[in-house]
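Right, one structure below, let's go through it.
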2 protein chains.
Amino acid sequence: MRILLVEDEVSLANAVKKILEQQGYVVDAVNNGRSAVDYALGAKYNLIILDVMLPEINGMEVLKTVRKQNLSTPVLMLTALSALSDKVTGLNHGADDYMTKPFETEELLARVGALTRRTGDIIMNRIEYKDLSLDLNSAVLSCGNESVQLSHKEFGVIKVLLYNPTMMITTESIIENVWGSESEATDNNVEVYISFIRKKLKYLGSKVTVRKLQRLGYRLEVT
Amino acid sequence: MRILLVEDEVSLANAVKKILEQQGYVVDAVNNGRSAVDYALGAKYNLIILDVMLPEINGMEVLKTVRKQNLSTPVLMLTALSALSDKVTGLNHGADDYMTKPFETEELLARVGALTRRTGDIIMNRIEYKDLSLDLNSAVLSCGNESVQLSHKEFGVIKVLLYNPTMMITTESIIENVWGSESEATDNNVEVYISFIRKKLKYLGSKVTVRKLQRLGYRLEVT
DNA sequence: GACAGTTCTTAAAATAAACTTAAAATAATA
DNA sequence: TATTATTTTAAGTTTATTTTAAGAACTGTC
């Protein structure tokens, strides 16, 4: 969950950022309206917390501008004023909620929670090489429309190879990376896992193979 | 648009009713908690405006009762108290917005407008994924025409999964979200709850399953 | 082609992770 | 306070992964 916090009072901004980060939100904070618009339109946030009183471009203008650009991210407006007109203007310009300063942590979290109850964004993290694609989140290795689940150790070994696809990787380096430098793992452990991986590459029908150069190490190759 | 107005001060009730009717809303007004529950459950309203201070059963009780009955109609709470605890309690019990008395016509209309625009917006009150629907107000999980009540912890766990339906969710992240970062909860606590949830998914006959990838975390999958 | 040194594969054994269940402890509710 | 529901703990079971180990298959040298 990513939140854009637009607040020019540094101490308040820091406090809110900290509170939200403790809850596991990723928070970007900016202190003026111009940056707010840039950030809001430039990155995908799950929520924007927007102070009305800002230098240069005020919060209401920011809201109007980004809504005009069809941004549908929920917006929680913040203000020191309890002025009714502001509340009405804000809600009518597409703010989703409104909170007056000062507020307490609990209220902030209740409101943020209510607004972020939306499907989370998906950031896929993967390594690709030739016809192979390794999903780093799920340890699934794919080729074309076939894919296989890797175990933890298989995942570790192929990761080392895929991160350095043209390099020779020594057995020691694989052991160090996957089993850890204190481990008692032997060459045979690596051999067994390379064998498992080869079997899966074959099953996937990949062009990529694991080549062993005698006494030197392993390297990915393309047939 | 039908609105249920729950307010015991006759003059205020009449005034609000009149204002809303001028805007084209159909308004039913009741003056006590017992009737409020009956009306709320008996007819389909697009919004319930609920005073906290009521004779016999107070507004908070009304809210809790109807949410327990799986009612997901948006609720705007009204109160003379500006007590923070009430706001938080209200929001946590499934109120959608909060307004302190006295208020002005404009604010009322802005908030009513915001809440009635939102009807049909599944996002605020429920999360849906494939054949599953989780009512965020009542913690009822449904699939087709079957549904089950979830306990607080079950609700917390499945919420984390449903918010990020395609992502791997680590056990740590579940613990942090559901038990809190300071808690002493262990992996086994999560395992037990995942087991409860699986049993309920099976009972519901859902296509969705909870998959555990060893050492990586949990993820929803579709069979 | 025989030998020695590697490397590869496989199956079984050992270990670790994950699951389920029931009972105990705690919390919520009547 | 009594009752009920929820949550935690803990132990036993199941399942998956990892390690071990032994033999087969290569590779290069003589």
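A note on labels: chains of the structure tokens are A, B, ... as shown, every chain counts residues from 1, and ligands are counted from 1 in their shown order.
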task: Can you check which residues of chain B DSSP gives as strand (DSSP E or B) on the backbone and send them as a PyMOL selection string?
output: chain B and resi 2-6+26-30+47-51+75-79+97-100+126-129+132-135+140-143+146-149+169+208-213+217-222
Store the residues picked out above in a file with N, CA and C atoms, as a compact mmCIF listing (two decimals), in the first residue's frame.
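The resulting file, result_20.txt, is shown below:
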# COMPACT_ATOMS: atom_id res chain seq x y z
N ARG B 2 -33.58 6.25 -1.45
CA ARG B 2 -34.33 6.17 -0.20
C ARG B 2 -33.40 6.33 0.99
N ILE B 3 -33.81 7.18 1.91
CA ILE B 3 -32.99 7.43 3.09
C ILE B 3 -33.80 7.14 4.35
N LEU B 4 -33.16 6.43 5.29
CA LEU B 4 -33.79 6.24 6.59
C LEU B 4 -33.17 7.23 7.57
N LEU B 5 -33.98 8.05 8.16
CA LEU B 5 -33.50 9.05 9.10
C LEU B 5 -33.89 8.65 10.51
N VAL B 6 -32.89 8.50 11.37
CA VAL B 6 -33.16 8.07 12.75
C VAL B 6 -32.77 9.22 13.67
N VAL B 26 -36.32 10.14 -1.04
CA VAL B 26 -37.48 9.63 -0.33
C VAL B 26 -37.02 9.32 1.09
N VAL B 27 -37.65 9.94 2.07
CA VAL B 27 -37.14 9.83 3.44
C VAL B 27 -38.16 9.19 4.38
N ASP B 28 -37.73 8.14 5.08
CA ASP B 28 -38.53 7.61 6.18
C ASP B 28 -37.85 8.05 7.47
N ALA B 29 -38.65 8.60 8.40
CA ALA B 29 -38.05 9.05 9.64
C ALA B 29 -38.59 8.23 10.80
N VAL B 30 -37.70 7.78 11.68
CA VAL B 30 -38.13 7.11 12.90
C VAL B 30 -37.44 7.79 14.08
N LEU B 47 -29.19 4.91 2.13
CA LEU B 47 -28.41 5.56 3.18
C LEU B 47 -29.21 5.57 4.47
N ILE B 48 -28.50 5.43 5.59
CA ILE B 48 -29.14 5.59 6.90
C ILE B 48 -28.44 6.74 7.62
N ILE B 49 -29.22 7.73 8.04
CA ILE B 49 -28.67 8.80 8.85
C ILE B 49 -29.06 8.51 10.28
N LEU B 50 -28.07 8.36 11.13
CA LEU B 50 -28.31 7.77 12.44
C LEU B 50 -27.79 8.65 13.56
N ASP B 51 -28.69 9.12 14.40
CA ASP B 51 -28.27 9.89 15.57
C ASP B 51 -27.72 8.93 16.62
N VAL B 75 -23.86 4.27 6.36
CA VAL B 75 -24.43 4.93 7.53
C VAL B 75 -23.69 6.23 7.82
N LEU B 76 -24.45 7.29 7.95
CA LEU B 76 -23.90 8.58 8.36
C LEU B 76 -24.30 8.81 9.81
N MET B 77 -23.32 8.85 10.69
CA MET B 77 -23.63 9.02 12.11
C MET B 77 -23.75 10.51 12.44
N LEU B 78 -24.69 10.79 13.31
CA LEU B 78 -24.92 12.17 13.74
C LEU B 78 -24.75 12.24 15.23
N THR B 79 -24.08 13.26 15.72
CA THR B 79 -24.04 13.40 17.17
C THR B 79 -23.79 14.82 17.62
N ASP B 97 -19.53 7.59 7.61
CA ASP B 97 -19.16 8.99 7.80
C ASP B 97 -19.76 9.47 9.10
N TYR B 98 -19.38 10.65 9.49
CA TYR B 98 -19.67 11.14 10.81
C TYR B 98 -19.90 12.64 10.72
N MET B 99 -20.92 13.14 11.38
CA MET B 99 -21.16 14.57 11.34
C MET B 99 -21.62 15.03 12.71
N THR B 100 -21.02 16.12 13.20
CA THR B 100 -21.41 16.61 14.52
C THR B 100 -22.47 17.69 14.40
N ARG B 126 -17.25 -3.87 0.68
CA ARG B 126 -16.92 -5.27 0.49
C ARG B 126 -15.73 -5.42 -0.43
N ILE B 127 -15.07 -6.53 -0.24
CA ILE B 127 -14.02 -6.90 -1.16
C ILE B 127 -14.53 -8.11 -1.91
N GLU B 128 -14.33 -8.12 -3.21
CA GLU B 128 -14.75 -9.27 -3.97
C GLU B 128 -13.56 -9.83 -4.73
N TYR B 129 -13.54 -11.13 -4.82
CA TYR B 129 -12.49 -11.79 -5.58
C TYR B 129 -13.04 -13.12 -6.08
N LEU B 132 -15.86 -15.09 -4.42
CA LEU B 132 -15.96 -14.73 -3.01
C LEU B 132 -16.32 -13.27 -2.82
N SER B 133 -17.05 -13.02 -1.75
CA SER B 133 -17.38 -11.65 -1.40
C SER B 133 -17.29 -11.51 0.12
N LEU B 134 -16.47 -10.59 0.55
CA LEU B 134 -16.30 -10.38 1.99
C LEU B 134 -16.93 -9.05 2.37
N ASP B 135 -17.95 -9.12 3.21
CA ASP B 135 -18.59 -7.90 3.68
C ASP B 135 -17.76 -7.32 4.81
N VAL B 140 -18.84 -11.11 7.07
CA VAL B 140 -19.48 -12.30 6.52
C VAL B 140 -18.85 -12.60 5.16
N LEU B 141 -18.44 -13.83 5.01
CA LEU B 141 -17.84 -14.27 3.75
C LEU B 141 -18.86 -15.07 2.98
N SER B 142 -19.05 -14.68 1.71
CA SER B 142 -20.08 -15.36 0.93
C SER B 142 -19.52 -15.91 -0.37
N CYS B 143 -20.21 -16.93 -0.84
CA CYS B 143 -19.90 -17.52 -2.14
C CYS B 143 -21.21 -18.06 -2.66
N GLU B 146 -24.32 -19.19 -0.39
CA GLU B 146 -23.89 -19.64 0.94
C GLU B 146 -23.11 -18.51 1.59
N SER B 147 -23.18 -18.43 2.91
CA SER B 147 -22.29 -17.48 3.58
C SER B 147 -22.02 -17.90 5.02
N VAL B 148 -20.87 -17.47 5.49
CA VAL B 148 -20.50 -17.81 6.87
C VAL B 148 -20.01 -16.57 7.60
N GLN B 149 -20.26 -16.56 8.90
CA GLN B 149 -19.74 -15.50 9.75
C GLN B 149 -18.29 -15.82 10.09
N ILE B 169 1.83 -13.43 0.38
CA ILE B 169 1.79 -12.73 1.66
C ILE B 169 2.59 -13.53 2.66
N VAL B 208 -11.92 -20.63 -4.76
CA VAL B 208 -10.69 -20.03 -4.24
C VAL B 208 -10.10 -20.89 -3.13
N THR B 209 -8.81 -21.08 -3.20
CA THR B 209 -8.11 -21.82 -2.15
C THR B 209 -6.93 -21.00 -1.63
N VAL B 210 -6.50 -21.34 -0.45
CA VAL B 210 -5.32 -20.67 0.10
C VAL B 210 -4.15 -21.60 -0.09
N ARG B 211 -3.19 -21.13 -0.85
CA ARG B 211 -2.02 -21.93 -1.16
C ARG B 211 -0.87 -21.46 -0.32
N LYS B 212 -0.13 -22.40 0.24
CA LYS B 212 1.10 -22.01 0.95
C LYS B 212 2.27 -22.45 0.11
N LEU B 213 3.17 -21.55 -0.17
CA LEU B 213 4.41 -21.92 -0.84
C LEU B 213 5.48 -21.93 0.23
N GLY B 217 5.26 -17.91 1.67
CA GLY B 217 4.07 -17.28 2.23
C GLY B 217 2.80 -17.88 1.66
N TYR B 218 1.71 -17.18 1.89
CA TYR B 218 0.41 -17.65 1.45
C TYR B 218 -0.07 -16.83 0.26
N ARG B 219 -0.92 -17.44 -0.54
CA ARG B 219 -1.49 -16.74 -1.67
C ARG B 219 -2.82 -17.38 -2.06
N LEU B 220 -3.76 -16.56 -2.47
CA LEU B 220 -5.03 -17.11 -2.94
C LEU B 220 -4.83 -17.67 -4.34
N GLU B 221 -5.46 -18.80 -4.57
CA GLU B 221 -5.42 -19.37 -5.91
C GLU B 221 -6.82 -19.85 -6.29
N VAL B 222 -7.00 -19.98 -7.58
CA VAL B 222 -8.28 -20.44 -8.08
C VAL B 222 -8.10 -21.83 -8.67
Using only C-alpha atoms (C1' of nucleotides), what does the table of chain D residues within 12 Å of chain A look like, with each row giving the shortest atom pair and its distance in Å to one decimal, sorted by chain and ascending number, as a Markdown table?
| residue | atom | partner | partner_atom | distance |
| --- | --- | --- | --- | --- |
| D:DA16 | C1' | A:Ser151 | CA | 9.1 |
| D:DT17 | C1' | A:Ser151 | CA | 7.3 |
| D:DT18 | C1' | A:Lys153 | CA | 8.5 |
| D:DT19 | C1' | A:Asn189 | CA | 7.5 |
| D:DT20 | C1' | A:Asn189 | CA | 9.1 |
| D:DA21 | C1' | A:Asn188 | CA | 10.0 |
| D:DC26 | C1' | A:Gln214 | CA | 11.1 |
| D:DT27 | C1' | A:Gln214 | CA | 8.6 |
| D:DG28 | C1' | A:Gln214 | CA | 10.5 |
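Overlaying the C-alpha atoms of chain B on those of chain A by least squares yields an RMSD of 16.5 Å.
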task: Residues of chain C near chain A: apply a cut-off of 8 Å, count only C-alpha atoms (C1' of nucleotides), and supply the list as number ranges by chain.
output: C: 6-9
Written selection (N, CA and C atoms (P, O5', C5', C4', C3', O3' and C1' of nucleotides)) as an mmCIF file, in the first residue's frame:
data_model
loop_
_atom_site.group_PDB
_atom_site.id
_atom_site.type_symbol
_atom_site.label_atom_id
_atom_site.label_comp_id
_atom_site.auth_asym_id
_atom_site.auth_seq_id
_atom_site.Cartn_x
_atom_site.Cartn_y
_atom_site.Cartn_z
ATOM 1 P P DT C 6 39.760 -34.605 -9.582
ATOM 2 O "O5'" DT C 6 38.423 -34.022 -10.177
ATOM 3 C "C5'" DT C 6 37.333 -34.908 -10.342
ATOM 4 C "C4'" DT C 6 36.565 -34.502 -11.563
ATOM 5 C "C3'" DT C 6 35.273 -33.806 -11.180
ATOM 6 O "O3'" DT C 6 35.042 -32.707 -12.021
ATOM 7 C "C1'" DT C 6 34.839 -35.895 -12.280
ATOM 8 P P DT C 7 33.908 -31.650 -11.635
ATOM 9 O "O5'" DT C 7 32.594 -32.391 -12.163
ATOM 10 C "C5'" DT C 7 32.441 -32.629 -13.558
ATOM 11 C "C4'" DT C 7 31.214 -33.483 -13.794
ATOM 12 C "C3'" DT C 7 29.916 -32.932 -13.201
ATOM 13 O "O3'" DT C 7 29.010 -32.793 -14.288
ATOM 14 C "C1'" DT C 7 30.132 -35.239 -12.762
ATOM 15 P P DC C 8 27.542 -32.225 -14.061
ATOM 16 O "O5'" DC C 8 26.713 -33.582 -13.995
ATOM 17 C "C5'" DC C 8 26.612 -34.382 -15.170
ATOM 18 C "C4'" DC C 8 25.719 -35.580 -14.870
ATOM 19 C "C3'" DC C 8 24.328 -35.212 -14.355
ATOM 20 O "O3'" DC C 8 23.382 -35.727 -15.279
ATOM 21 C "C1'" DC C 8 25.360 -36.905 -12.997
ATOM 22 P P DT C 9 21.816 -35.347 -15.103
ATOM 23 O "O5'" DT C 9 21.317 -36.589 -14.247
ATOM 24 C "C5'" DT C 9 21.512 -37.901 -14.782
ATOM 25 C "C4'" DT C 9 21.065 -38.944 -13.771
ATOM 26 C "C3'" DT C 9 19.675 -38.713 -13.189
ATOM 27 O "O3'" DT C 9 18.881 -39.790 -13.674
ATOM 28 C "C1'" DT C 9 21.263 -39.330 -11.489
#
query: What are the residues of chain B that have an atom within 6 Å of an atom of chain A, counting only C-alpha atoms, as a ChimeraX atom specification?
result: /B:88,107,110,163-164
- request: Mind the document's chain letters and residue numbers, and return as a PyMOL selection string the residues of range 12-206 of chain A that DSSP labels alpha helix (DSSP H).
  value: chain A and resi 12-22+33-42+59-68+84-92+105-116+152-163+171-174+187-204
message: Applying 12 Å and only C-alpha atoms (C1' of nucleotides), which residues near DT13 in chain D remain after dropping the ones on its own chain fewer than 5 positions away? List them as a count of residues only.
response: 4
statement: As a check of understanding: the span from CA of Val10 in chain B to CA of Lys68 in chain B is 28.4 Å
